[in-house]
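Participant: The structure follows.
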Amino acid sequence: MLKPEGIVRRKMVLFFIVDTSGSMWGTKIQAVNQAVCEVLPELQKMSDGNADALLQVAVLGFDNAAYWLTAEPQNVDAFFWKDLEANGGTNLGDALFKLNEKLSKDGFMGHASGAFAPALFLMSDGCPNDDSYKKELEKLRNNNWFKKAIKVACAIGDDAGCSVLEEFTGTPETILTVHTPEALKKVIRFVSVTSSQIGSQSAHVGNRQIDAVESKQDSMIGALQASSDQFTDDSDADEW
């Protein structure tokens with residue numbers, strides 16, 4: 001799709017926040033790698049067809065420490081996923097600290113034409129083994145970009161700390177639990193596409209365009225509830 005001359009699109013960043021601790025080794029991390037690679041072309045088409053929003057991706061992994069795979073958000077048409085590997089512990093506190101740093105205009109949210117509220121997608125199969133996550137989460141909750149963001153989490157397997165994930169998203173309605181690689185792939189595709197669609201929408205009041213941030217998390221919850229049957233694990237499928 002050709003963009004009108006002189007039109008600068010606002011960016012909308014989709015954050016993948018991925019637990020890469022040792023318990024994710026094997027089919028879990030393989031499913032994450034495969035699913036994100038498969039959904040990228042769909043996100044690229046979505047971005048190409050949106051005259052208002054430029055979709056970007058940022059990736060934060062965490063095990064013994066958190067690390068950015070992207071020095072800055074990457075346009076989806078130029079982004080190449082580098083497969084994640086799994087080992088080490090689950091230092092969620094460091095991930096929340098690094099996320100808070102980048103959710104700022106001096107970090108990842110600075111853009112000449114402004115930015116839509118981001119989408120934050122957290123995936124984990126366990127509980128934090130650090131003592132700092134509650135303190136860092138409290139700081140993050142005071143971040144205005146975090147307050148306005150679409151927040152969804154995926155609990156991978158029965159050992160995932162759903163209560164911790166709920167602390168992150170703010171509501172149990174945005175926690176999706178999966179037990180098979182295929183269910184995880186479905187969740188990653190749905191959340192990636194749907195949060196990007198909702199997050200890159202604008203509302204108009206008279207002649208003034210505004211970002212309808214207050215309703216976007218509610219819109220995401222509605223989309224998850226309407227599509228919940230899509231995420232049911234196949235009883236015949238192989239578990240982890």
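Letters for chains follow the order of the structure tokens (A, B, ...), residue numbers begin at 1 for each chain, and ligand numbers begin at 1 in the order shown.
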Mind checking which residues fall within 8 Å of A:Ser196, counting only C-alpha atoms, ignoring those fewer than 6 positions away in the same chain, and posting them as a PDB file with N, CA and C atoms, in the first residue's frame?
Facilitator:
ATOM      1  N   MET A  12       3.273   2.138  16.702  1.00  0.00           N
ATOM      2  CA  MET A  12       2.639   1.300  17.721  1.00  0.00           C
ATOM      3  C   MET A  12       3.562   0.107  17.940  1.00  0.00           C
ATOM      4  N   LEU A  14       4.689  -3.436  19.604  1.00  0.00           N
ATOM      5  CA  LEU A  14       4.288  -4.704  20.215  1.00  0.00           C
ATOM      6  C   LEU A  14       5.512  -5.274  20.924  1.00  0.00           C
ATOM      7  N   LEU A  43       1.630  -9.515  10.466  1.00  0.00           N
ATOM      8  CA  LEU A  43       1.792  -8.192  11.062  1.00  0.00           C
ATOM      9  C   LEU A  43       2.313  -7.193  10.038  1.00  0.00           C
ATOM     10  N   LEU A  55       3.610  -0.288  12.581  1.00  0.00           N
ATOM     11  CA  LEU A  55       3.777  -1.337  13.581  1.00  0.00           C
ATOM     12  C   LEU A  55       5.254  -1.670  13.761  1.00  0.00           C
ATOM     13  N   ALA A 119       1.475  -2.493  23.136  1.00  0.00           N
ATOM     14  CA  ALA A 119       0.910  -3.763  23.584  1.00  0.00           C
ATOM     15  C   ALA A 119       2.037  -4.559  24.225  1.00  0.00           C
TER      16      ALA A 119
END
Participant: Fewer than 6 positions away in the same chain doesn't count, so skip those; otherwise give me all residues within 9 Å of A:Phe108, counting only C-alpha atoms, as a ChimeraX atom specification.
Facilitator: /A:13,58,72-73,101-102
Participant: Could you please take those selected residues and save C-alpha atoms as a compact mmCIF listing (two decimals), in the first residue's frame?
Facilitator:
# COMPACT_ATOMS: atom_id res chain seq x y z
CA VAL A 13 5.07 -1.06 19.46
CA ALA A 58 10.57 -5.03 20.54
CA GLU A 72 15.31 -0.17 19.57
CA PRO A 73 11.86 -1.09 18.20
CA GLU A 101 13.30 2.18 31.41
CA LYS A 102 12.22 1.85 27.80
Participant: Could you pull out all residues of stretch 5-240 of chain A with a DSSP call of alpha helix (DSSP H) and give them as a ChimeraX atom specification?
Facilitator: /A:27-48,92-102,133-141,144-148,162-169,181-199,213-226
Participant: Write out as an mmCIF file with C-alpha atoms, in the first residue's frame each polymer residue whose atoms come within 10 Å of A:Phe190, counting only C-alpha atoms; drop sequence neighbours fewer than 3 positions from it.
Facilitator:
data_model
loop_
_atom_site.group_PDB
_atom_site.id
_atom_site.type_symbol
_atom_site.label_atom_id
_atom_site.label_comp_id
_atom_site.auth_asym_id
_atom_site.auth_seq_id
_atom_site.Cartn_x
_atom_site.Cartn_y
_atom_site.Cartn_z
ATOM 1 C CA VAL A 39 2.987 -14.341 12.530
ATOM 2 C CA LEU A 184 0.791 -21.799 22.564
ATOM 3 C CA LYS A 185 1.221 -21.049 18.866
ATOM 4 C CA LYS A 186 -2.479 -20.193 18.544
ATOM 5 C CA VAL A 187 -2.284 -17.821 21.510
ATOM 6 C CA VAL A 193 -2.471 -9.811 15.633
ATOM 7 C CA THR A 194 -5.421 -8.692 17.760
ATOM 8 C CA SER A 195 -3.448 -6.445 20.117
ATOM 9 C CA SER A 196 -1.770 -4.810 17.113
ATOM 10 C CA ALA A 223 -11.739 -10.089 21.934
ATOM 11 C CA LEU A 224 -10.206 -12.720 24.217
ATOM 12 C CA SER A 227 -12.445 -16.164 20.994
ATOM 13 C CA GLN A 230 -9.912 -21.082 19.953
ATOM 14 C CA PHE A 231 -7.388 -21.591 22.745
#
Participant: Just want the 9 Å neighbourhood of A:Leu165, counted on only C-alpha atoms, with same-chain residues fewer than 5 positions away dropped. Output as a list in words.
Facilitator: Leu122, Met123, Ser124, Val152, Ala153, Cys154, Ala155, Ala160, Gly170, Thr171, Pro172 and Ile175 of chain A
Participant: Taking the DSSP secondary structure from the backbone, can you list the residues of stretch 10-204 of chain A that are strand (DSSP E), as a PyMOL selection string?
Facilitator: chain A and resi 10-19+53-62+66-68+74-75+119-124+150-156+175-178+203-204
Participant: Generate the output file for the selected residues, N, CA and C atoms, as a CSV table (one decimal), in the first residue's frame.
Facilitator:
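What follows is the written file again-v4.csv:
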chain,number,residue,atom,x,y,z
A,10,ARG,N,2.1,7.4,13.1
A,10,ARG,CA,2.4,7.2,14.5
A,10,ARG,C,2.8,5.7,14.7
A,11,LYS,N,3.8,5.5,15.6
A,11,LYS,CA,4.2,4.1,15.8
A,11,LYS,C,3.4,3.4,16.9
A,12,MET,N,3.3,2.1,16.7
A,12,MET,CA,2.6,1.3,17.7
A,12,MET,C,3.6,0.1,17.9
A,13,VAL,N,4.1,0.0,19.2
A,13,VAL,CA,5.1,-1.1,19.5
A,13,VAL,C,4.4,-2.3,20.1
A,14,LEU,N,4.7,-3.4,19.6
A,14,LEU,CA,4.3,-4.7,20.2
A,14,LEU,C,5.5,-5.3,20.9
A,15,PHE,N,5.4,-5.4,22.3
A,15,PHE,CA,6.5,-5.9,23.1
A,15,PHE,C,6.3,-7.4,23.3
A,16,PHE,N,7.2,-8.2,22.9
A,16,PHE,CA,7.3,-9.6,23.4
A,16,PHE,C,8.2,-9.7,24.6
A,17,ILE,N,7.7,-10.1,25.7
A,17,ILE,CA,8.5,-10.3,26.9
A,17,ILE,C,8.5,-11.8,27.3
A,18,VAL,N,9.6,-12.4,27.0
A,18,VAL,CA,9.6,-13.9,27.0
A,18,VAL,C,10.5,-14.5,28.1
A,19,ASP,N,10.0,-15.3,28.9
A,19,ASP,CA,10.7,-16.1,29.9
A,19,ASP,C,11.6,-17.1,29.1
A,53,ALA,N,-0.8,4.1,11.3
A,53,ALA,CA,0.1,3.5,12.3
A,53,ALA,C,1.2,2.7,11.6
A,54,LEU,N,2.4,2.8,12.2
A,54,LEU,CA,3.5,2.0,11.8
A,54,LEU,C,3.8,1.0,12.9
A,55,LEU,N,3.6,-0.3,12.6
A,55,LEU,CA,3.8,-1.3,13.6
A,55,LEU,C,5.3,-1.7,13.8
A,56,GLN,N,5.7,-1.7,15.0
A,56,GLN,CA,7.0,-2.1,15.4
A,56,GLN,C,7.1,-3.2,16.4
A,57,VAL,N,8.2,-3.9,16.5
A,57,VAL,CA,8.4,-5.0,17.4
A,57,VAL,C,9.6,-4.7,18.3
A,58,ALA,N,9.4,-5.0,19.6
A,58,ALA,CA,10.6,-5.0,20.5
A,58,ALA,C,10.5,-6.3,21.3
A,59,VAL,N,11.7,-6.9,21.6
A,59,VAL,CA,11.8,-8.2,22.3
A,59,VAL,C,12.6,-8.2,23.5
A,60,LEU,N,12.1,-8.6,24.6
A,60,LEU,CA,12.8,-8.6,25.9
A,60,LEU,C,12.8,-10.0,26.4
A,61,GLY,N,13.9,-10.6,26.5
A,61,GLY,CA,14.0,-12.0,27.1
A,61,GLY,C,14.5,-11.8,28.6
A,62,PHE,N,14.2,-12.8,29.4
A,62,PHE,CA,14.7,-12.8,30.8
A,62,PHE,C,14.9,-14.2,31.3
A,66,ALA,N,17.7,-9.9,32.5
A,66,ALA,CA,16.9,-9.5,31.3
A,66,ALA,C,17.8,-8.9,30.3
A,67,TYR,N,17.4,-9.1,29.0
A,67,TYR,CA,18.2,-8.6,27.9
A,67,TYR,C,17.3,-8.2,26.7
A,68,TRP,N,17.6,-7.1,26.1
A,68,TRP,CA,16.9,-6.7,24.9
A,68,TRP,C,17.5,-7.4,23.6
A,74,GLN,N,11.8,-2.3,16.1
A,74,GLN,CA,12.1,-2.5,14.7
A,74,GLN,C,10.8,-2.5,13.9
A,75,ASN,N,10.7,-1.8,12.8
A,75,ASN,CA,9.6,-1.9,11.9
A,75,ASN,C,9.4,-3.4,11.5
A,119,ALA,N,1.5,-2.5,23.1
A,119,ALA,CA,0.9,-3.8,23.6
A,119,ALA,C,2.0,-4.6,24.2
A,120,LEU,N,1.8,-5.1,25.4
A,120,LEU,CA,2.8,-5.8,26.2
A,120,LEU,C,2.3,-7.3,26.3
A,121,PHE,N,3.1,-8.2,25.8
A,121,PHE,CA,2.7,-9.6,25.8
A,121,PHE,C,3.8,-10.4,26.5
A,122,LEU,N,3.4,-10.8,27.8
A,122,LEU,CA,4.4,-11.6,28.6
A,122,LEU,C,4.1,-13.1,28.6
A,123,MET,N,5.1,-13.8,28.4
A,123,MET,CA,5.0,-15.3,28.3
A,123,MET,C,5.9,-15.9,29.3
A,124,SER,N,5.4,-16.8,30.2
A,124,SER,CA,6.2,-17.5,31.2
A,124,SER,C,5.7,-18.8,31.6
A,150,ILE,N,-2.0,-2.1,26.3
A,150,ILE,CA,-2.7,-3.4,26.3
A,150,ILE,C,-1.8,-4.4,26.9
A,151,LYS,N,-2.3,-5.1,27.9
A,151,LYS,CA,-1.4,-6.1,28.6
A,151,LYS,C,-2.1,-7.5,28.6
A,152,VAL,N,-1.3,-8.4,28.1
A,152,VAL,CA,-1.8,-9.8,28.1
A,152,VAL,C,-0.7,-10.7,28.5
A,153,ALA,N,-1.0,-11.8,29.2
A,153,ALA,CA,0.1,-12.8,29.6
A,153,ALA,C,-0.4,-14.2,29.2
A,154,CYS,N,0.6,-15.0,28.9
A,154,CYS,CA,0.4,-16.4,28.6
A,154,CYS,C,1.1,-17.3,29.7
A,155,ALA,N,0.3,-18.1,30.4
A,155,ALA,CA,0.8,-19.0,31.4
A,155,ALA,C,1.1,-20.4,30.6
A,156,ILE,N,2.3,-20.8,30.6
A,156,ILE,CA,2.7,-22.0,29.8
A,156,ILE,C,2.8,-23.1,30.8
A,175,ILE,N,-5.3,-13.4,31.2
A,175,ILE,CA,-4.3,-14.5,31.3
A,175,ILE,C,-4.8,-15.7,30.5
A,176,LEU,N,-4.0,-16.2,29.7
A,176,LEU,CA,-4.3,-17.4,28.9
A,176,LEU,C,-3.4,-18.5,29.3
A,177,THR,N,-3.9,-19.7,29.6
A,177,THR,CA,-3.1,-20.8,30.1
A,177,THR,C,-3.1,-21.9,29.0
A,178,VAL,N,-1.9,-22.4,28.6
A,178,VAL,CA,-1.8,-23.4,27.6
A,178,VAL,C,-1.0,-24.6,28.1
A,203,ALA,N,-9.4,7.1,17.5
A,203,ALA,CA,-10.8,7.5,17.5
A,203,ALA,C,-10.9,9.0,17.1
A,204,HIS,N,-12.0,9.4,16.6
A,204,HIS,CA,-12.1,10.8,16.2
A,204,HIS,C,-13.2,11.5,17.0
Participant: Smallest atom-to-atom distance to A:Thr174: which of A:Ile188, A:Ala95, A:Ile221, A:Val36, using only C-alpha atoms?
Facilitator: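 Answer, going by the shortest atom-to-atom distance: A:Ile221.
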Participant: Name the residues in contact with A:Ser132 at a cut-off of 10 Å, using only C-alpha atoms, excluding same-chain residues fewer than 4 positions from it; report them as a PyMOL selection string.
Facilitator: chain A and resi 91-94+96-97+128+136-137
